[in-house]
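Next comes structure03.cif, a file with mmCIF, C-alpha atoms.
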data_my_file
loop_
_atom_site.label_atom_id
_atom_site.label_comp_id
_atom_site.auth_asym_id
_atom_site.auth_seq_id
_atom_site.Cartn_x
_atom_site.Cartn_y
_atom_site.Cartn_z
CA MET Y 1 -7.49 -7.09 1.76
CA ASP Y 2 -6.95 -3.97 3.84
CA PRO Y 3 -6.51 -0.94 1.52
CA LEU Y 4 -3.10 -0.06 2.94
CA ASP Y 5 -1.97 -3.66 2.45
CA ALA Y 6 -3.34 -3.54 -1.10
CA VAL Y 7 -1.24 -0.48 -1.95
CA GLY Y 8 1.79 -2.31 -0.59
CA HIS Y 9 0.92 -5.47 -2.51
CA LEU Y 10 0.71 -3.50 -5.75
CA ALA Y 11 4.08 -1.87 -4.98
CA GLY Y 12 2.27 1.43 -5.33
CA LEU Y 13 -0.71 2.63 -7.29
CA GLN Y 14 -0.39 4.90 -10.31
CA ALA Y 15 -1.75 8.24 -9.05
CA GLN Y 16 -1.10 10.65 -11.90
CA THR Y 17 -4.42 12.34 -11.21
CA PRO Y 18 -5.40 13.46 -7.72
CA GLN Y 19 -8.67 11.48 -7.54
CA SER Y 20 -9.25 8.84 -10.23
CA TRP Y 21 -7.01 6.22 -8.58
CA TYR Y 22 -9.62 5.84 -5.84
CA THR Y 23 -11.65 3.94 -8.46
CA GLY Y 24 -8.69 1.57 -8.83
CA LEU Y 25 -8.92 0.61 -5.17
CA TRP Y 26 -12.71 0.42 -5.27
CA SER Y 27 -12.55 -1.98 -8.24
CA ARG Y 28 -10.05 -4.22 -6.45
CA LEU Y 29 -11.37 -4.27 -2.88
CA SER Y 30 -14.53 -5.06 -0.97
CA ASP Y 31 -16.19 -2.37 1.15
CA PHE Y 32 -13.59 0.25 0.24
CA ASN Y 33 -14.06 3.48 2.17
CA PRO Y 34 -12.45 6.34 0.20
CA ALA Y 35 -12.90 8.96 2.91
CA ALA Y 36 -11.10 6.77 5.45
CA PHE Y 37 -8.33 6.07 2.96
CA GLY Y 38 -7.98 9.78 2.18
CA ARG Y 39 -7.19 10.33 5.84
CA LEU Y 40 -4.17 8.06 5.42
CA LEU Y 41 -2.71 10.74 3.14
CA GLU Y 42 -3.28 13.35 5.82
CA ASP Y 43 -1.85 11.03 8.48
CA ARG Y 44 1.22 10.42 6.25
CA ALA Y 45 0.78 6.65 6.14
CA VAL Y 46 0.73 6.93 2.33
CA VAL Y 47 2.23 9.56 0.05
CA ARG Y 48 2.00 10.62 -3.60
CA MET Y 49 5.34 11.24 -5.28
CA ALA Y 50 7.36 10.70 -8.45
CA LEU Y 51 8.69 7.14 -8.51
CA MET Y 52 8.37 4.46 -11.19
CA ARG Y 53 8.91 5.86 -14.70
CA SER Y 54 9.28 9.26 -13.00
CA THR Y 55 5.47 9.39 -12.72
CA ILE Y 56 3.32 10.06 -9.67
CA HIS Y 57 2.55 6.99 -7.58
CA LEU Y 58 0.68 6.45 -4.34
CA VAL Y 59 2.80 4.32 -2.00
CA THR Y 60 3.11 3.52 1.65
CA GLY Y 61 5.51 5.68 3.61
CA ASP Y 62 7.94 2.79 4.04
CA ASP Y 63 7.91 2.03 0.30
CA ALA Y 64 8.41 5.69 -0.55
CA LEU Y 65 11.62 5.72 1.46
CA ALA Y 66 12.82 2.39 0.02
CA PHE Y 67 11.83 2.84 -3.64
CA ARG Y 68 13.06 6.40 -4.18
CA PRO Y 69 16.83 5.70 -4.19
CA LEU Y 70 16.30 2.78 -6.61
CA VAL Y 71 14.58 4.94 -9.24
CA GLN Y 72 16.77 8.03 -8.82
CA SER Y 73 18.45 7.35 -12.17
CA VAL Y 74 15.05 7.10 -13.88
CA ILE Y 75 13.94 10.48 -12.53
CA GLU Y 76 17.27 12.09 -13.41
CA ARG Y 77 17.09 10.70 -16.94
CA SER Y 78 13.56 11.98 -17.56
CA THR Y 79 14.28 15.50 -16.33
CA ARG Y 80 17.73 15.76 -17.91
CA GLY Y 81 16.27 14.90 -21.28
CA ALA Y 82 13.83 17.79 -21.04
CA PHE Y 83 15.96 20.45 -19.32
CA ALA Y 84 19.63 19.72 -20.06
CA ARG Y 85 19.96 22.79 -22.30
CA ALA Y 86 18.25 25.07 -19.79
CA TRP Y 87 20.53 23.77 -17.02
CA LYS Y 88 23.73 24.59 -18.90
CA GLY Y 89 26.14 26.39 -16.58
CA LEU Y 90 23.95 25.74 -13.54
CA ASP Y 91 25.38 24.28 -10.34
CA LEU Y 92 22.69 21.62 -9.86
CA ASP Y 93 23.99 20.57 -6.46
CA ALA Y 94 23.73 24.14 -5.19
CA VAL Y 95 20.20 24.44 -6.59
CA ALA Y 96 19.19 21.21 -4.85
CA GLU Y 97 20.65 22.39 -1.56
CA ALA Y 98 18.86 25.73 -1.76
CA ALA Y 99 15.59 24.05 -2.78
CA GLN Y 100 15.79 21.60 0.12
CA GLU Y 101 16.13 24.45 2.59
CA LEU Y 102 13.09 26.18 1.12
CA LEU Y 103 10.91 23.06 0.91
CA ASP Y 104 11.90 21.81 4.35
CA GLU Y 105 10.58 25.10 5.70
CA ALA Y 106 7.22 25.00 3.90
CA PRO Y 107 5.57 23.13 0.99
CA MET Y 108 5.55 25.03 -2.30
CA THR Y 109 4.33 24.77 -5.85
CA PHE Y 110 7.07 24.39 -8.43
CA ALA Y 111 6.17 27.87 -9.70
CA ASP Y 112 6.75 29.42 -6.28
CA LEU Y 113 9.89 27.38 -5.74
CA GLY Y 114 11.26 28.40 -9.13
CA ARG Y 115 10.49 32.05 -8.37
CA GLN Y 116 12.45 31.95 -5.12
CA LEU Y 117 15.35 30.07 -6.69
CA GLN Y 118 15.43 32.61 -9.51
CA GLU Y 119 16.30 35.30 -6.98
CA ARG Y 120 19.63 33.51 -6.55
CA TRP Y 121 20.01 32.39 -10.17
CA PRO Y 122 18.35 35.23 -12.12
CA GLU Y 123 19.92 34.18 -15.42
CA HIS Y 124 17.87 30.95 -15.40
CA GLU Y 125 14.14 30.46 -15.92
CA ARG Y 126 11.85 29.41 -13.10
CA LEU Y 127 10.58 26.13 -14.61
CA PRO Y 128 14.02 24.56 -15.16
CA LEU Y 129 15.08 25.63 -11.67
CA GLY Y 130 12.06 23.94 -10.11
CA GLN Y 131 12.61 20.81 -12.18
CA ALA Y 132 16.23 20.68 -11.08
CA ALA Y 133 14.91 20.31 -7.54
CA ARG Y 134 12.47 17.59 -8.65
CA SER Y 135 15.33 15.70 -10.26
CA ALA Y 136 17.63 15.76 -7.25
CA LEU Y 137 15.29 15.64 -4.26
CA ALA Y 138 12.74 13.13 -3.02
CA LEU Y 139 9.61 15.29 -3.03
CA VAL Y 140 6.07 14.40 -1.97
CA GLN Y 141 2.82 16.11 -2.93
CA VAL Y 142 1.11 17.27 0.23
CA PRO Y 143 -2.60 17.22 1.11
CA PRO Y 144 -5.26 18.37 0.65
CA ARG Y 145 -4.43 17.45 -2.94
CA GLY Y 146 -5.27 13.79 -3.37
CA VAL Y 147 -7.62 13.58 -0.39
CA TRP Y 148 -11.03 12.15 -1.32
CA GLN Y 149 -13.33 14.81 -2.83
CA ARG Y 150 -10.99 17.64 -1.87
CA SER Y 151 -8.71 19.74 -4.01
CA GLY Y 152 -5.62 21.84 -3.61
CA ALA Y 153 -2.60 23.22 -5.39
CA VAL Y 154 0.23 20.86 -6.36
CA ARG Y 155 2.54 21.70 -3.47
CA HIS Y 156 5.66 19.71 -2.62
CA THR Y 157 7.89 19.27 0.36
CA THR Y 158 10.82 16.96 0.97
CA ILE Y 159 10.20 13.43 2.12
CA GLU Y 160 12.48 14.13 5.09
CA ALA Y 161 10.27 17.01 6.22
CA TRP Y 162 7.04 15.07 5.63
CA LEU Y 163 7.92 11.66 7.05
CA GLY Y 164 10.72 12.64 9.42
CA ARG Y 165 13.05 10.11 7.78
CA SER Y 166 15.42 10.14 4.84
CA PRO Y 167 15.25 7.75 1.87
CA ALA Y 168 17.50 4.81 2.57
CA SER Y 169 19.03 2.07 0.44
CA VAL Y 170 17.33 -0.68 2.43
CA MET Y 171 15.96 -2.42 -0.68
CA THR Y 172 17.94 -3.94 -3.53
CA VAL Y 173 16.93 -3.96 -7.18
CA ASP Y 174 16.47 -7.73 -6.80
CA GLN Y 175 13.88 -7.12 -4.08
CA LEU Y 176 12.15 -4.50 -6.22
CA VAL Y 177 11.81 -7.04 -9.04
CA LEU Y 178 10.31 -9.56 -6.62
CA ARG Y 179 7.81 -6.94 -5.44
CA TYR Y 180 6.77 -6.39 -9.05
CA LEU Y 181 6.31 -10.09 -9.70
CA ALA Y 182 4.22 -10.45 -6.53
CA ALA Y 183 1.83 -7.87 -7.97
CA PHE Y 184 1.96 -8.53 -11.72
CA GLY Y 185 3.59 -11.87 -12.50
CA PRO Y 186 3.89 -13.93 -14.61
CA ALA Y 187 5.81 -11.25 -16.50
CA SER Y 188 8.78 -10.77 -18.76
CA VAL Y 189 11.94 -8.77 -18.18
CA MET Y 190 10.59 -6.15 -20.58
CA ASP Y 191 7.39 -5.94 -18.53
CA ILE Y 192 9.38 -5.26 -15.36
CA GLN Y 193 11.42 -2.57 -17.09
CA ALA Y 194 8.28 -0.94 -18.51
CA TRP Y 195 6.87 -0.74 -14.99
CA CYS Y 196 9.80 0.85 -13.18
CA GLY Y 197 11.78 2.55 -15.96
CA LEU Y 198 15.04 0.84 -15.00
CA THR Y 199 17.06 -0.95 -17.68
CA ARG Y 200 19.39 -3.97 -17.84
CA LEU Y 201 17.18 -6.00 -15.55
CA ALA Y 202 17.83 -9.24 -17.43
CA GLU Y 203 20.94 -9.76 -15.32
CA VAL Y 204 18.86 -9.23 -12.17
CA VAL Y 205 16.28 -11.79 -13.27
CA ASP Y 206 19.10 -14.20 -14.16
CA ARG Y 207 20.33 -13.96 -10.56
CA LEU Y 208 16.83 -14.69 -9.28
CA ARG Y 209 15.95 -17.34 -11.87
CA LYS Y 210 16.70 -20.35 -9.66
CA ASP Y 211 14.07 -19.16 -7.18
CA LEU Y 212 11.39 -18.34 -9.78
CA LEU Y 213 8.97 -20.31 -11.91
CA VAL Y 214 9.49 -19.81 -15.64
CA PHE Y 215 6.71 -19.94 -18.22
CA ALA Y 216 6.48 -18.88 -21.85
CA ASN Y 217 3.95 -16.74 -23.67
CA GLY Y 218 2.55 -17.53 -27.11
CA SER Y 219 5.64 -16.07 -28.76
CA GLY Y 220 8.03 -18.10 -26.65
CA ARG Y 221 9.14 -15.16 -24.48
CA ALA Y 222 10.05 -16.19 -20.93
CA LEU Y 223 7.64 -15.15 -18.21
CA PHE Y 224 8.69 -15.23 -14.56
CA ASP Y 225 6.66 -15.58 -11.39
CA LEU Y 226 6.99 -16.30 -7.69
CA PRO Y 227 6.53 -20.00 -6.87
CA ASN Y 228 3.74 -19.38 -4.34
CA ALA Y 229 1.89 -16.69 -6.32
CA PRO Y 230 -1.76 -17.34 -7.27
CA ARG Y 231 -2.25 -18.25 -10.94
CA PRO Y 232 -5.95 -18.74 -11.69
CA GLY Y 233 -6.76 -21.23 -14.42
CA ALA Y 234 -8.12 -20.35 -17.83
CA ASP Y 235 -11.65 -21.18 -16.67
CA ALA Y 236 -11.55 -18.74 -13.74
CA VAL Y 237 -14.36 -16.19 -13.72
CA ALA Y 238 -13.12 -12.66 -14.43
CA PRO Y 239 -15.93 -10.25 -13.50
CA VAL Y 240 -16.56 -6.93 -15.20
CA ARG Y 241 -14.20 -4.34 -13.72
CA PHE Y 242 -13.87 -0.59 -14.24
CA LEU Y 243 -10.26 0.60 -14.58
CA TYR Y 244 -9.34 4.22 -14.03
CA ASP Y 245 -7.54 6.33 -16.62
CA TYR Y 246 -3.98 5.52 -15.49
CA ASP Y 247 -4.67 2.09 -14.06
CA ASN Y 248 -1.64 0.03 -13.05
CA LEU Y 249 -2.76 -2.86 -15.21
CA LEU Y 250 -2.40 -0.81 -18.40
CA LEU Y 251 0.90 0.83 -17.49
CA SER Y 252 2.82 -1.96 -15.78
CA HIS Y 253 3.50 -4.21 -18.79
CA ALA Y 254 5.41 -3.85 -22.03
CA ASP Y 255 3.20 -6.54 -23.60
CA ARG Y 256 -0.42 -5.55 -23.07
CA SER Y 257 -1.79 -8.18 -25.46
CA ARG Y 258 -2.94 -10.36 -22.57
CA PHE Y 259 -5.66 -7.84 -21.75
CA ILE Y 260 -5.86 -5.63 -24.85
CA THR Y 261 -6.89 -7.48 -28.02
CA HIS Y 262 -8.13 -4.52 -30.05
CA ASN Y 263 -5.76 -2.31 -32.02
CA LEU Y 264 -6.10 0.71 -29.79
CA LEU Y 265 -3.40 2.67 -31.59
CA GLU Y 266 -5.55 2.63 -34.72
CA MET Y 267 -8.38 3.97 -32.57
CA GLY Y 268 -6.23 6.94 -31.63
CA TRP Y 269 -5.11 5.78 -28.19
CA ARG Y 270 -1.75 6.79 -26.79
CA PHE Y 271 0.00 5.31 -23.79
CA ASP Y 272 2.34 8.27 -23.17
CA GLY Y 273 -0.32 10.86 -22.37
CA ALA Y 274 -3.89 11.24 -21.22
CA GLN Y 275 -5.83 8.00 -21.46
CA PRO Y 276 -9.49 7.04 -21.41
CA SER Y 277 -10.90 4.96 -18.57
CA CYS Y 278 -11.28 1.33 -19.62
CA LEU Y 279 -13.66 -1.50 -18.84
CA LEU Y 280 -12.60 -5.12 -18.49
CA VAL Y 281 -14.91 -7.88 -19.72
CA ASP Y 282 -13.62 -11.39 -19.01
CA GLY Y 283 -10.24 -9.83 -18.19
CA LYS Y 284 -9.86 -7.88 -21.44
CA VAL Y 285 -10.42 -4.24 -22.39
CA GLU Y 286 -13.75 -4.18 -24.25
CA ALA Y 287 -15.06 -0.65 -23.65
CA THR Y 288 -14.27 2.82 -22.39
CA TRP Y 289 -16.33 4.70 -19.83
CA LEU Y 290 -16.97 8.23 -18.60
CA ILE Y 291 -19.04 9.71 -15.78
CA GLU Y 292 -20.77 13.02 -16.44
CA ARG Y 293 -22.63 15.03 -13.81
CA SER Y 294 -25.31 17.63 -14.36
CA ARG Y 295 -28.10 19.06 -12.19
CA GLY Y 296 -28.15 16.28 -9.63
CA ARG Y 297 -27.89 13.54 -12.25
CA ALA Y 298 -24.88 11.30 -12.86
CA VAL Y 299 -24.64 9.36 -16.11
CA LEU Y 300 -22.12 6.59 -16.78
CA THR Y 301 -21.55 6.35 -20.52
CA VAL Y 302 -20.07 3.08 -21.78
CA ALA Y 303 -18.60 2.93 -25.29
CA PRO Y 304 -18.03 -0.71 -26.37
CA LEU Y 305 -15.08 -1.54 -28.63
CA SER Y 306 -16.94 -4.59 -29.98
CA THR Y 307 -20.38 -6.17 -29.79
CA LEU Y 308 -21.42 -6.94 -26.22
CA GLY Y 309 -24.27 -9.39 -25.59
CA PRO Y 310 -27.28 -8.70 -23.36
CA ALA Y 311 -25.91 -10.69 -20.40
CA VAL Y 312 -22.62 -8.74 -20.48
CA ARG Y 313 -24.47 -5.43 -20.73
CA ASP Y 314 -26.54 -6.41 -17.71
CA GLU Y 315 -23.38 -7.18 -15.75
CA ILE Y 316 -21.82 -3.87 -16.83
CA SER Y 317 -24.98 -2.00 -15.80
CA SER Y 318 -25.01 -3.64 -12.38
CA GLU Y 319 -21.36 -2.90 -11.71
CA GLY Y 320 -21.75 0.55 -13.25
CA LEU Y 321 -24.58 1.50 -10.87
CA ALA Y 322 -22.37 0.42 -7.97
CA LEU Y 323 -19.57 2.60 -9.38
CA LEU Y 324 -21.92 5.60 -9.62
CA ALA Y 325 -23.03 5.07 -6.03
CA PHE Y 326 -19.36 5.12 -5.03
CA ALA Y 327 -18.14 7.98 -7.20
CA VAL Y 328 -21.17 10.29 -7.10
CA PRO Y 329 -23.08 9.37 -3.93
CA ASP Y 330 -24.80 12.76 -3.71
CA ALA Y 331 -26.40 12.58 -7.17
CA GLY Y 332 -30.17 12.22 -7.05
CA THR Y 333 -30.28 10.03 -10.18
CA HIS Y 334 -27.84 7.46 -11.51
CA ASP Y 335 -28.11 6.28 -15.13
CA ILE Y 336 -26.18 3.97 -17.47
CA ARG Y 337 -25.92 4.77 -21.18
CA PHE Y 338 -24.34 2.61 -23.91
CA VAL Y 339 -22.95 4.38 -26.98
CA ASP Y 340 -22.37 1.90 -29.82
#
As structure tokens:
Amino acid sequence: MDPLDAVGHLAGLQAQTPQSWYTGLWSRLSDFNPAAFGRLLEDRAVVRMALMRSTIHLVTGDDALAFRPLVQSVIERSTRGAFARAWKGLDLDAVAEAAQELLDEAPMTFADLGRQLQERWPEHERLPLGQAARSALALVQVPPRGVWQRSGAVRHTTIEAWLGRSPASVMTVDQLVLRYLAAFGPASVMDIQAWCGLTRLAEVVDRLRKDLLVFANGSGRALFDLPNAPRPGADAVAPVRFLYDYDNLLLSHADRSRFITHNLLEMGWRFDGAQPSCLLVDGKVEATWLIERSRGRAVLTVAPLSTLGPAVRDEISSEGLALLAFAVPDAGTHDIRFVD
């Protein structure tokens, strides 16, 4: 699949970090060229912005414009919960209008934006002022941040200034649910809600039910899917795959038991903060991984969560060397290390 088509198929790729999501595309696609894909950010074919669950996603330009109005309530809810007290007495509409004028003129960090807004509202702190703009406006993070092997400050501008178009209500919530199922079905209503942050989607799925296939998981919960979606059988080969730290697979379901069988909470994992990078063996999380670089040497350390046989370790090593060649092509030496 073409990388741009893959991003559209996934209804966006979790891109909380500026670089690690490239591994997500590499793991899913053949002959993925990260430098060429990074140019799509510069060419504005894809953007990184707050969308599902009010977290940063990489999406096509068209999806950015279509998705943003649908998740406006999610973004408002997340920011209001954190800043409602600091916003007391603040004319949020006026702040949004002033912020749009500033960001349409030039991209800014939230710190710089808050500083300029504070000149007009000196009785309010800079951070809440900047977050008021994030809540009300459709903002995109601009390159070079996010471009392959480049860095830059987290600067934002409005989607209107960046893409030359305004977000439009061209997509319904029903269509958003169908986009999710195309990427992640079979899935439950709770899975869909966990992915996007919207609530009360049972009534949406009920409207769509006549056009969906309905299955049940081991607990009897209804799972929904598109009739023509691929559903590999239980005997399908699931190769070793390296997931990145905020991989869509881990964050797009309420019930992760289909691919996580270990009690990760007891191991100290959290799913509301920084996460380790995971490794799939036969479609399930069986290890974590980390790449460390030093003096021209790149080492991939794999930490199994259970006993892995020699054949599996060989497969991990083979895929791991390919990952090192992708992620650290300039390293003189590539090594794999297992930490049991």
Residues matched by the PyMOL selection byres ((chain Y and resi 13-21) around 9), written as a PyMOL selection string: chain Y and resi 7-8+10-12+22-26+48-49+52+55-59+145-151+243-248+251
Using only C-alpha atoms, which of Y:Ala327, Y:Ala183, Y:Leu51, Y:Ala311 sits nearest Y:Ser73?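 Once distances to Y:Ser73 are computed over only C-alpha atoms, the minimum belongs to Y:Leu51.
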Mind running stretch 228-294 of chain Y against stretch 213-219 of chain Y at 10 Å and telling me each contacting residue's nearest atom pair with the distance in Å (one decimal), counting only C-alpha atoms, chain and number ascending, as a tab-separated table?
residue	atom	partner	partner_atom	distance
Y:Asn228	CA	Y:Leu213	CA	9.2
Y:Ala229	CA	Y:Leu213	CA	9.7
Y:Arg258	CA	Y:Asn217	CA	9.5
Would you mind listing what lies within 6 Å of Y:Asp225 as an MDAnalysis selection string, with all atoms listed in the file counted and same-chain residues fewer than 3 positions away left out? chainID Y and resid 181 185:186 212:213
Tell me which residues the PyMOL selection byres ((chain Y and resi 120) around 12) grabs here, as a ChimeraX atom specification. /Y:90-91,94-95,98-99,113-119,121-126,129
Taken to one decimal, the atom CA of Y:Glu203-atom CA of Y:Gln72 distance is 19.4 Å
